[in-house]
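Structure file coords_15.txt; described as compact mmCIF, N, CA and C atoms.
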# COMPACT_ATOMS: atom_id res chain seq x y z
N MET A 1 0.84 -1.17 0.00
CA MET A 1 0.00 0.00 0.00
C MET A 1 0.89 1.24 0.00
N SER A 2 0.58 2.16 -0.89
CA SER A 2 1.38 3.38 -0.98
C SER A 2 0.77 4.46 -0.09
N VAL A 3 1.64 5.30 0.38
CA VAL A 3 1.21 6.40 1.22
C VAL A 3 1.20 7.67 0.37
N ASN A 4 0.09 8.41 0.44
CA ASN A 4 -0.05 9.64 -0.32
C ASN A 4 0.20 10.82 0.62
N TYR A 5 1.33 11.49 0.46
CA TYR A 5 1.68 12.62 1.30
C TYR A 5 1.30 13.94 0.65
N GLY A 6 0.18 14.05 0.09
CA GLY A 6 -0.26 15.26 -0.60
C GLY A 6 -0.56 14.92 -2.05
N SER A 7 -1.21 15.79 -2.68
CA SER A 7 -1.55 15.52 -4.07
C SER A 7 -0.49 16.11 -4.99
N LYS A 8 -0.25 15.39 -6.04
CA LYS A 8 0.68 15.86 -7.05
C LYS A 8 -0.08 16.78 -7.99
N ARG A 9 0.46 17.92 -8.26
CA ARG A 9 -0.22 18.90 -9.11
C ARG A 9 -0.12 18.46 -10.56
N LEU A 10 -1.25 18.41 -11.22
CA LEU A 10 -1.30 18.06 -12.63
C LEU A 10 -1.57 19.33 -13.42
N VAL A 11 -0.60 19.71 -14.24
CA VAL A 11 -0.74 20.93 -15.03
C VAL A 11 -1.12 20.52 -16.44
N VAL A 12 -2.23 21.05 -16.91
CA VAL A 12 -2.67 20.75 -18.27
C VAL A 12 -2.85 22.06 -19.04
N GLY A 13 -2.99 21.93 -20.30
CA GLY A 13 -3.20 23.11 -21.14
C GLY A 13 -2.03 23.29 -22.09
N ALA A 14 -2.17 24.23 -22.96
CA ALA A 14 -1.17 24.42 -24.00
C ALA A 14 -0.09 25.43 -23.63
N HIS A 15 -0.28 26.17 -22.55
CA HIS A 15 0.71 27.14 -22.08
C HIS A 15 1.03 28.19 -23.14
N TYR A 16 0.02 28.76 -23.76
CA TYR A 16 0.22 29.76 -24.80
C TYR A 16 0.46 31.15 -24.24
N GLY A 17 0.12 31.40 -23.02
CA GLY A 17 0.07 32.70 -22.39
C GLY A 17 1.04 33.77 -22.84
N VAL A 18 2.29 33.68 -22.42
CA VAL A 18 3.25 34.75 -22.67
C VAL A 18 3.56 34.86 -24.16
N ARG A 19 3.73 33.73 -24.83
CA ARG A 19 4.05 33.76 -26.25
C ARG A 19 2.96 34.46 -27.04
N ASP A 20 1.71 34.16 -26.75
CA ASP A 20 0.60 34.80 -27.46
C ASP A 20 0.45 36.26 -27.06
N TRP A 21 0.72 36.58 -25.83
CA TRP A 21 0.66 37.98 -25.38
C TRP A 21 1.69 38.80 -26.17
N ILE A 22 2.90 38.28 -26.30
CA ILE A 22 3.95 38.98 -27.05
C ILE A 22 3.57 39.06 -28.53
N ALA A 23 3.03 37.98 -29.08
CA ALA A 23 2.64 37.98 -30.49
C ALA A 23 1.54 39.00 -30.75
N GLN A 24 0.58 39.11 -29.85
CA GLN A 24 -0.49 40.10 -30.00
C GLN A 24 0.09 41.51 -30.00
N ARG A 25 1.02 41.79 -29.11
CA ARG A 25 1.60 43.13 -29.04
C ARG A 25 2.46 43.43 -30.26
N ALA A 26 3.24 42.44 -30.71
CA ALA A 26 4.10 42.64 -31.88
C ALA A 26 3.28 42.86 -33.14
N THR A 27 2.23 42.06 -33.34
CA THR A 27 1.41 42.25 -34.53
C THR A 27 0.64 43.56 -34.46
N ALA A 28 0.20 43.96 -33.28
CA ALA A 28 -0.48 45.25 -33.13
C ALA A 28 0.47 46.40 -33.45
N ALA A 29 1.73 46.30 -33.01
CA ALA A 29 2.71 47.34 -33.30
C ALA A 29 2.97 47.43 -34.80
N LEU A 30 3.06 46.29 -35.46
CA LEU A 30 3.27 46.29 -36.91
C LEU A 30 2.08 46.92 -37.64
N MET A 31 0.87 46.60 -37.20
CA MET A 31 -0.31 47.21 -37.82
C MET A 31 -0.37 48.71 -37.56
N ALA A 32 0.09 49.15 -36.40
CA ALA A 32 0.13 50.59 -36.11
C ALA A 32 1.14 51.29 -37.01
N ILE A 33 2.30 50.68 -37.21
CA ILE A 33 3.31 51.25 -38.10
C ILE A 33 2.75 51.35 -39.53
N PHE A 34 2.09 50.30 -39.98
CA PHE A 34 1.48 50.32 -41.31
C PHE A 34 0.47 51.46 -41.44
N THR A 35 -0.35 51.64 -40.42
CA THR A 35 -1.36 52.71 -40.43
C THR A 35 -0.69 54.08 -40.53
N VAL A 36 0.38 54.28 -39.78
CA VAL A 36 1.11 55.56 -39.82
C VAL A 36 1.70 55.78 -41.22
N VAL A 37 2.26 54.74 -41.82
CA VAL A 37 2.85 54.86 -43.16
C VAL A 37 1.77 55.24 -44.18
N VAL A 38 0.63 54.56 -44.14
CA VAL A 38 -0.45 54.85 -45.10
C VAL A 38 -0.98 56.27 -44.88
N LEU A 39 -1.19 56.66 -43.63
CA LEU A 39 -1.67 58.02 -43.36
C LEU A 39 -0.66 59.08 -43.82
N ALA A 40 0.62 58.83 -43.60
CA ALA A 40 1.65 59.77 -44.04
C ALA A 40 1.65 59.90 -45.56
N ARG A 41 1.51 58.78 -46.24
CA ARG A 41 1.48 58.83 -47.70
C ARG A 41 0.23 59.57 -48.20
N LEU A 42 -0.87 59.41 -47.48
CA LEU A 42 -2.09 60.14 -47.86
C LEU A 42 -1.97 61.63 -47.59
N ILE A 43 -1.44 61.97 -46.44
CA ILE A 43 -1.32 63.38 -46.05
C ILE A 43 -0.38 64.14 -46.98
N PHE A 44 0.72 63.51 -47.37
CA PHE A 44 1.71 64.19 -48.19
C PHE A 44 1.51 63.98 -49.69
N SER A 45 0.38 63.45 -50.09
CA SER A 45 0.09 63.28 -51.52
C SER A 45 -0.62 64.50 -52.05
N ARG A 46 -0.58 64.64 -53.34
CA ARG A 46 -1.23 65.79 -53.98
C ARG A 46 -2.42 65.29 -54.79
N GLY A 47 -3.40 66.14 -54.94
CA GLY A 47 -4.55 65.82 -55.76
C GLY A 47 -5.68 65.22 -54.95
N PRO A 48 -6.78 64.96 -55.64
CA PRO A 48 -7.94 64.41 -54.95
C PRO A 48 -7.71 62.95 -54.53
N ILE A 49 -8.38 62.58 -53.46
CA ILE A 49 -8.26 61.21 -52.97
C ILE A 49 -9.27 60.35 -53.74
N GLY A 50 -8.74 59.49 -54.58
CA GLY A 50 -9.58 58.62 -55.39
C GLY A 50 -8.84 57.32 -55.66
N TYR A 51 -9.33 56.57 -56.62
CA TYR A 51 -8.73 55.27 -56.94
C TYR A 51 -7.28 55.43 -57.38
N ASP A 52 -7.00 56.42 -58.21
CA ASP A 52 -5.63 56.60 -58.72
C ASP A 52 -4.64 56.84 -57.59
N LEU A 53 -5.03 57.63 -56.60
CA LEU A 53 -4.16 57.90 -55.46
C LEU A 53 -3.92 56.62 -54.66
N TRP A 54 -4.99 55.88 -54.36
CA TRP A 54 -4.86 54.64 -53.60
C TRP A 54 -4.03 53.62 -54.36
N ALA A 55 -4.26 53.51 -55.66
CA ALA A 55 -3.47 52.57 -56.47
C ALA A 55 -2.00 52.99 -56.49
N GLY A 56 -1.75 54.30 -56.52
CA GLY A 56 -0.37 54.79 -56.49
C GLY A 56 0.32 54.50 -55.17
N ILE A 57 -0.42 54.63 -54.08
CA ILE A 57 0.17 54.35 -52.76
C ILE A 57 0.61 52.89 -52.66
N PHE A 58 -0.20 51.98 -53.16
CA PHE A 58 0.09 50.56 -53.01
C PHE A 58 0.79 49.95 -54.23
N SER A 59 1.23 50.77 -55.19
CA SER A 59 1.84 50.22 -56.40
C SER A 59 3.32 49.86 -56.22
N SER A 60 4.02 50.53 -55.33
CA SER A 60 5.45 50.24 -55.16
C SER A 60 5.63 48.88 -54.47
N GLN A 61 6.74 48.23 -54.82
CA GLN A 61 6.99 46.87 -54.31
C GLN A 61 7.14 46.85 -52.80
N TRP A 62 7.84 47.82 -52.21
CA TRP A 62 8.04 47.81 -50.75
C TRP A 62 6.72 47.96 -50.02
N MET A 63 5.78 48.74 -50.61
CA MET A 63 4.48 48.92 -49.96
C MET A 63 3.64 47.65 -50.07
N LYS A 64 3.76 46.94 -51.19
CA LYS A 64 3.07 45.66 -51.33
C LYS A 64 3.58 44.65 -50.31
N VAL A 65 4.89 44.62 -50.12
CA VAL A 65 5.47 43.69 -49.14
C VAL A 65 5.03 44.07 -47.73
N LEU A 66 5.08 45.36 -47.40
CA LEU A 66 4.62 45.81 -46.08
C LEU A 66 3.14 45.48 -45.87
N THR A 67 2.34 45.67 -46.90
CA THR A 67 0.91 45.35 -46.79
C THR A 67 0.70 43.85 -46.62
N LEU A 68 1.46 43.04 -47.35
CA LEU A 68 1.35 41.59 -47.21
C LEU A 68 1.71 41.14 -45.80
N VAL A 69 2.80 41.68 -45.27
CA VAL A 69 3.21 41.34 -43.91
C VAL A 69 2.14 41.78 -42.90
N THR A 70 1.54 42.94 -43.16
CA THR A 70 0.49 43.44 -42.27
C THR A 70 -0.76 42.56 -42.35
N ILE A 71 -1.11 42.10 -43.53
CA ILE A 71 -2.26 41.21 -43.68
C ILE A 71 -2.02 39.91 -42.93
N LEU A 72 -0.82 39.35 -43.06
CA LEU A 72 -0.49 38.12 -42.34
C LEU A 72 -0.47 38.35 -40.83
N SER A 73 0.01 39.51 -40.41
CA SER A 73 0.00 39.85 -38.98
C SER A 73 -1.43 39.98 -38.47
N LEU A 74 -2.27 40.62 -39.26
CA LEU A 74 -3.68 40.75 -38.88
C LEU A 74 -4.34 39.38 -38.77
N LEU A 75 -4.03 38.49 -39.70
CA LEU A 75 -4.57 37.13 -39.65
C LEU A 75 -4.16 36.43 -38.36
N TYR A 76 -2.88 36.51 -38.01
CA TYR A 76 -2.40 35.84 -36.79
C TYR A 76 -2.97 36.50 -35.53
N HIS A 77 -3.02 37.84 -35.54
CA HIS A 77 -3.56 38.60 -34.42
C HIS A 77 -5.02 38.21 -34.16
N ALA A 78 -5.81 38.18 -35.23
CA ALA A 78 -7.23 37.82 -35.09
C ALA A 78 -7.38 36.37 -34.66
N TRP A 79 -6.54 35.48 -35.18
CA TRP A 79 -6.64 34.07 -34.81
C TRP A 79 -6.37 33.88 -33.31
N ILE A 80 -5.34 34.52 -32.79
CA ILE A 80 -5.04 34.40 -31.36
C ILE A 80 -6.23 34.87 -30.54
N GLY A 81 -6.79 36.01 -30.91
CA GLY A 81 -7.93 36.54 -30.17
C GLY A 81 -9.14 35.64 -30.23
N MET A 82 -9.48 35.17 -31.42
CA MET A 82 -10.66 34.31 -31.56
C MET A 82 -10.45 32.96 -30.88
N ARG A 83 -9.26 32.40 -31.01
CA ARG A 83 -8.99 31.12 -30.36
C ARG A 83 -9.13 31.23 -28.84
N ASP A 84 -8.62 32.34 -28.29
CA ASP A 84 -8.73 32.53 -26.85
C ASP A 84 -10.19 32.71 -26.42
N VAL A 85 -10.97 33.43 -27.22
CA VAL A 85 -12.40 33.58 -26.89
C VAL A 85 -13.08 32.23 -26.92
N TRP A 86 -12.84 31.44 -27.96
CA TRP A 86 -13.49 30.12 -28.04
C TRP A 86 -13.04 29.23 -26.89
N MET A 87 -11.73 29.26 -26.55
CA MET A 87 -11.25 28.40 -25.47
C MET A 87 -11.79 28.83 -24.11
N ASP A 88 -11.99 30.13 -23.91
CA ASP A 88 -12.45 30.63 -22.61
C ASP A 88 -13.95 30.48 -22.41
N TYR A 89 -14.74 30.66 -23.46
CA TYR A 89 -16.19 30.77 -23.27
C TYR A 89 -17.01 29.64 -23.86
N VAL A 90 -16.44 28.79 -24.69
CA VAL A 90 -17.19 27.68 -25.28
C VAL A 90 -16.63 26.39 -24.68
N LYS A 91 -17.39 25.77 -23.80
CA LYS A 91 -16.89 24.61 -23.07
C LYS A 91 -17.06 23.28 -23.82
N PRO A 92 -18.15 23.04 -24.56
CA PRO A 92 -18.24 21.76 -25.29
C PRO A 92 -17.17 21.69 -26.39
N VAL A 93 -16.37 20.64 -26.33
CA VAL A 93 -15.21 20.52 -27.22
C VAL A 93 -15.63 20.49 -28.69
N GLY A 94 -16.69 19.79 -29.02
CA GLY A 94 -17.13 19.69 -30.41
C GLY A 94 -17.53 21.03 -31.00
N ILE A 95 -18.29 21.80 -30.25
CA ILE A 95 -18.72 23.12 -30.71
C ILE A 95 -17.51 24.04 -30.84
N ARG A 96 -16.60 23.96 -29.87
CA ARG A 96 -15.39 24.80 -29.91
C ARG A 96 -14.55 24.47 -31.14
N LEU A 97 -14.42 23.18 -31.46
CA LEU A 97 -13.65 22.77 -32.64
C LEU A 97 -14.29 23.29 -33.93
N VAL A 98 -15.61 23.20 -34.02
CA VAL A 98 -16.30 23.71 -35.21
C VAL A 98 -16.09 25.22 -35.33
N LEU A 99 -16.22 25.95 -34.23
CA LEU A 99 -16.03 27.40 -34.26
C LEU A 99 -14.60 27.77 -34.64
N GLN A 100 -13.63 27.00 -34.16
CA GLN A 100 -12.25 27.28 -34.52
C GLN A 100 -11.99 27.01 -36.01
N ILE A 101 -12.56 25.94 -36.53
CA ILE A 101 -12.41 25.62 -37.95
C ILE A 101 -13.07 26.70 -38.81
N VAL A 102 -14.26 27.14 -38.43
CA VAL A 102 -14.95 28.20 -39.17
C VAL A 102 -14.13 29.49 -39.10
N SER A 103 -13.57 29.79 -37.94
CA SER A 103 -12.75 31.00 -37.80
C SER A 103 -11.52 30.94 -38.70
N ILE A 104 -10.84 29.80 -38.72
CA ILE A 104 -9.66 29.64 -39.57
C ILE A 104 -10.05 29.80 -41.04
N ALA A 105 -11.13 29.14 -41.45
CA ALA A 105 -11.57 29.23 -42.85
C ALA A 105 -11.90 30.67 -43.22
N TRP A 106 -12.60 31.37 -42.34
CA TRP A 106 -12.98 32.76 -42.61
C TRP A 106 -11.74 33.65 -42.71
N LEU A 107 -10.80 33.50 -41.77
CA LEU A 107 -9.60 34.33 -41.77
C LEU A 107 -8.72 34.06 -42.98
N VAL A 108 -8.56 32.80 -43.34
CA VAL A 108 -7.75 32.46 -44.52
C VAL A 108 -8.43 32.99 -45.79
N GLY A 109 -9.75 32.86 -45.87
CA GLY A 109 -10.48 33.40 -47.02
C GLY A 109 -10.35 34.90 -47.14
N CYS A 110 -10.49 35.60 -46.02
CA CYS A 110 -10.35 37.06 -46.04
C CYS A 110 -8.94 37.50 -46.41
N SER A 111 -7.94 36.81 -45.88
CA SER A 111 -6.57 37.18 -46.22
C SER A 111 -6.26 36.86 -47.67
N GLY A 112 -6.77 35.75 -48.19
CA GLY A 112 -6.58 35.43 -49.60
C GLY A 112 -7.21 36.48 -50.50
N TRP A 113 -8.39 36.91 -50.14
CA TRP A 113 -9.06 37.96 -50.91
C TRP A 113 -8.28 39.27 -50.84
N ALA A 114 -7.77 39.63 -49.67
CA ALA A 114 -7.01 40.87 -49.52
C ALA A 114 -5.71 40.81 -50.33
N ILE A 115 -5.05 39.68 -50.33
CA ILE A 115 -3.81 39.53 -51.11
C ILE A 115 -4.11 39.60 -52.61
N GLN A 116 -5.21 38.99 -53.02
CA GLN A 116 -5.61 39.06 -54.42
C GLN A 116 -5.87 40.50 -54.85
N VAL A 117 -6.57 41.25 -54.02
CA VAL A 117 -6.83 42.66 -54.33
C VAL A 117 -5.52 43.44 -54.39
N LEU A 118 -4.63 43.19 -53.44
CA LEU A 118 -3.36 43.91 -53.36
C LEU A 118 -2.52 43.68 -54.60
N TRP A 119 -2.38 42.45 -55.05
CA TRP A 119 -1.47 42.16 -56.15
C TRP A 119 -2.08 42.46 -57.52
N ARG A 120 -3.36 42.82 -57.57
CA ARG A 120 -3.97 43.26 -58.83
C ARG A 120 -3.72 44.72 -59.11
N LEU A 121 -3.34 45.49 -58.09
CA LEU A 121 -3.13 46.93 -58.28
C LEU A 121 -2.01 47.19 -59.27
Structure re-expressed in structure tokens:
Amino acid sequence: MSVNYGSKRLVVGAHYGVRDWIAQRATAALMAIFTVVVLARLIFSRGPIGYDLWAGIFSSQWMKVLTLVTILSLLYHAWIGMRDVWMDYVKPVGIRLVLQIVSIAWLVGCSGWAIQVLWRL
């Protein structure tokens, strides 16, 4: 017969905490930088704000790359947030899995559409 001198602590979970917190802040900072760049290009541009101006802003290769990185950052940022909401508030595993799959499909679809629009300019 074994003697139990206290309970052994069982730690479960994925331990995403700090890594996801840092990822959320880093992606938010990148999106803020992108916003400042776009606003600066708008403020210092000449002429009326229309399609030609917007197409001109996003026509250079460096701006396309920055926009692509920002779209991917937005995708990851939104995924972390949605995954945490589903994990915190949806307790039935099956429903949570369906919601996570729908979220992934929606985010990938939106990012694919955004990339398609970007590279057509």
For Ala114 of chain A, which residue among A:Tyr89, A:Val102, A:Ser60, A:Ile71 is the nearest when counting all atoms listed in the file?
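Closest to Ala114 of chain A, using all atoms listed in the file: A:Ile71.
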Can you tell me, as a list in words, what residues are no more than 12 Å from Ala23 of chain A when counting only C-alpha atoms, ignoring any on the same chain fewer than 3 positions away?
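What passes the distance filter is Tyr16, Gly17, Val18, Arg19, Asp20, Ala26, Thr27, Ala28, Ala29, Leu30, Ser73, Leu74, Leu75, Tyr76, His77, Ala78, Trp79, Ile80 and Gly81 of chain A.
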Writing out the chosen residues with N, CA and C atoms as a compact mmCIF listing (two decimals), keeping the file's coordinate frame:
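Listing of out_13.txt after writing:
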# COMPACT_ATOMS: atom_id res chain seq x y z
N TYR A 16 0.02 28.76 -23.76
CA TYR A 16 0.22 29.76 -24.80
C TYR A 16 0.46 31.15 -24.24
N GLY A 17 0.12 31.40 -23.02
CA GLY A 17 0.07 32.70 -22.39
C GLY A 17 1.04 33.77 -22.84
N VAL A 18 2.29 33.68 -22.42
CA VAL A 18 3.25 34.75 -22.67
C VAL A 18 3.56 34.86 -24.16
N ARG A 19 3.73 33.73 -24.83
CA ARG A 19 4.05 33.76 -26.25
C ARG A 19 2.96 34.46 -27.04
N ASP A 20 1.71 34.16 -26.75
CA ASP A 20 0.60 34.80 -27.46
C ASP A 20 0.45 36.26 -27.06
N ALA A 26 3.24 42.44 -30.71
CA ALA A 26 4.10 42.64 -31.88
C ALA A 26 3.28 42.86 -33.14
N THR A 27 2.23 42.06 -33.34
CA THR A 27 1.41 42.25 -34.53
C THR A 27 0.64 43.56 -34.46
N ALA A 28 0.20 43.96 -33.28
CA ALA A 28 -0.48 45.25 -33.13
C ALA A 28 0.47 46.40 -33.45
N ALA A 29 1.73 46.30 -33.01
CA ALA A 29 2.71 47.34 -33.30
C ALA A 29 2.97 47.43 -34.80
N LEU A 30 3.06 46.29 -35.46
CA LEU A 30 3.27 46.29 -36.91
C LEU A 30 2.08 46.92 -37.64
N SER A 73 0.01 39.51 -40.41
CA SER A 73 0.00 39.85 -38.98
C SER A 73 -1.43 39.98 -38.47
N LEU A 74 -2.27 40.62 -39.26
CA LEU A 74 -3.68 40.75 -38.88
C LEU A 74 -4.34 39.38 -38.77
N LEU A 75 -4.03 38.49 -39.70
CA LEU A 75 -4.57 37.13 -39.65
C LEU A 75 -4.16 36.43 -38.36
N TYR A 76 -2.88 36.51 -38.01
CA TYR A 76 -2.40 35.84 -36.79
C TYR A 76 -2.97 36.50 -35.53
N HIS A 77 -3.02 37.84 -35.54
CA HIS A 77 -3.56 38.60 -34.42
C HIS A 77 -5.02 38.21 -34.16
N ALA A 78 -5.81 38.18 -35.23
CA ALA A 78 -7.23 37.82 -35.09
C ALA A 78 -7.38 36.37 -34.66
N TRP A 79 -6.54 35.48 -35.18
CA TRP A 79 -6.64 34.07 -34.81
C TRP A 79 -6.37 33.88 -33.31
N ILE A 80 -5.34 34.52 -32.79
CA ILE A 80 -5.04 34.40 -31.36
C ILE A 80 -6.23 34.87 -30.54
N GLY A 81 -6.79 36.01 -30.91
CA GLY A 81 -7.93 36.54 -30.17
C GLY A 81 -9.14 35.64 -30.23
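For the choices A:Ile57, A:Ile115, A:Thr70, A:Gln24, the atom-to-atom distance to Ala40 of chain A is smallest for A:Ile57 when using only C-alpha atoms.
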As an MDAnalysis selection string, list the residues of chain A assigned to helix (DSSP H, G or I) by DSSP on the backbone atoms of this structure.
chainID A and resid 17:43 51:57 61:89 93:120
Distance of atom CA of Trp119 of chain A from atom CA of Val65 of chain A, expressed in Å to one decimal place
10.0 Å
Work out how far atom N of Met82 of chain A is from atom C of Arg96 of chain A, in Å to one decimal.
11.8 Å
What is the distance between atom CA of Asp52 of chain A and atom CA of Trp106 of chain A, in Å to one decimal?
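A separation of 29.7 Å between them.
Proximity to Thr67 of chain A was assessed for A:Ser103, A:Val108, A:Val37, A:Trp21 counting only C-alpha atoms; the smallest distance is recorded for A:Val37.
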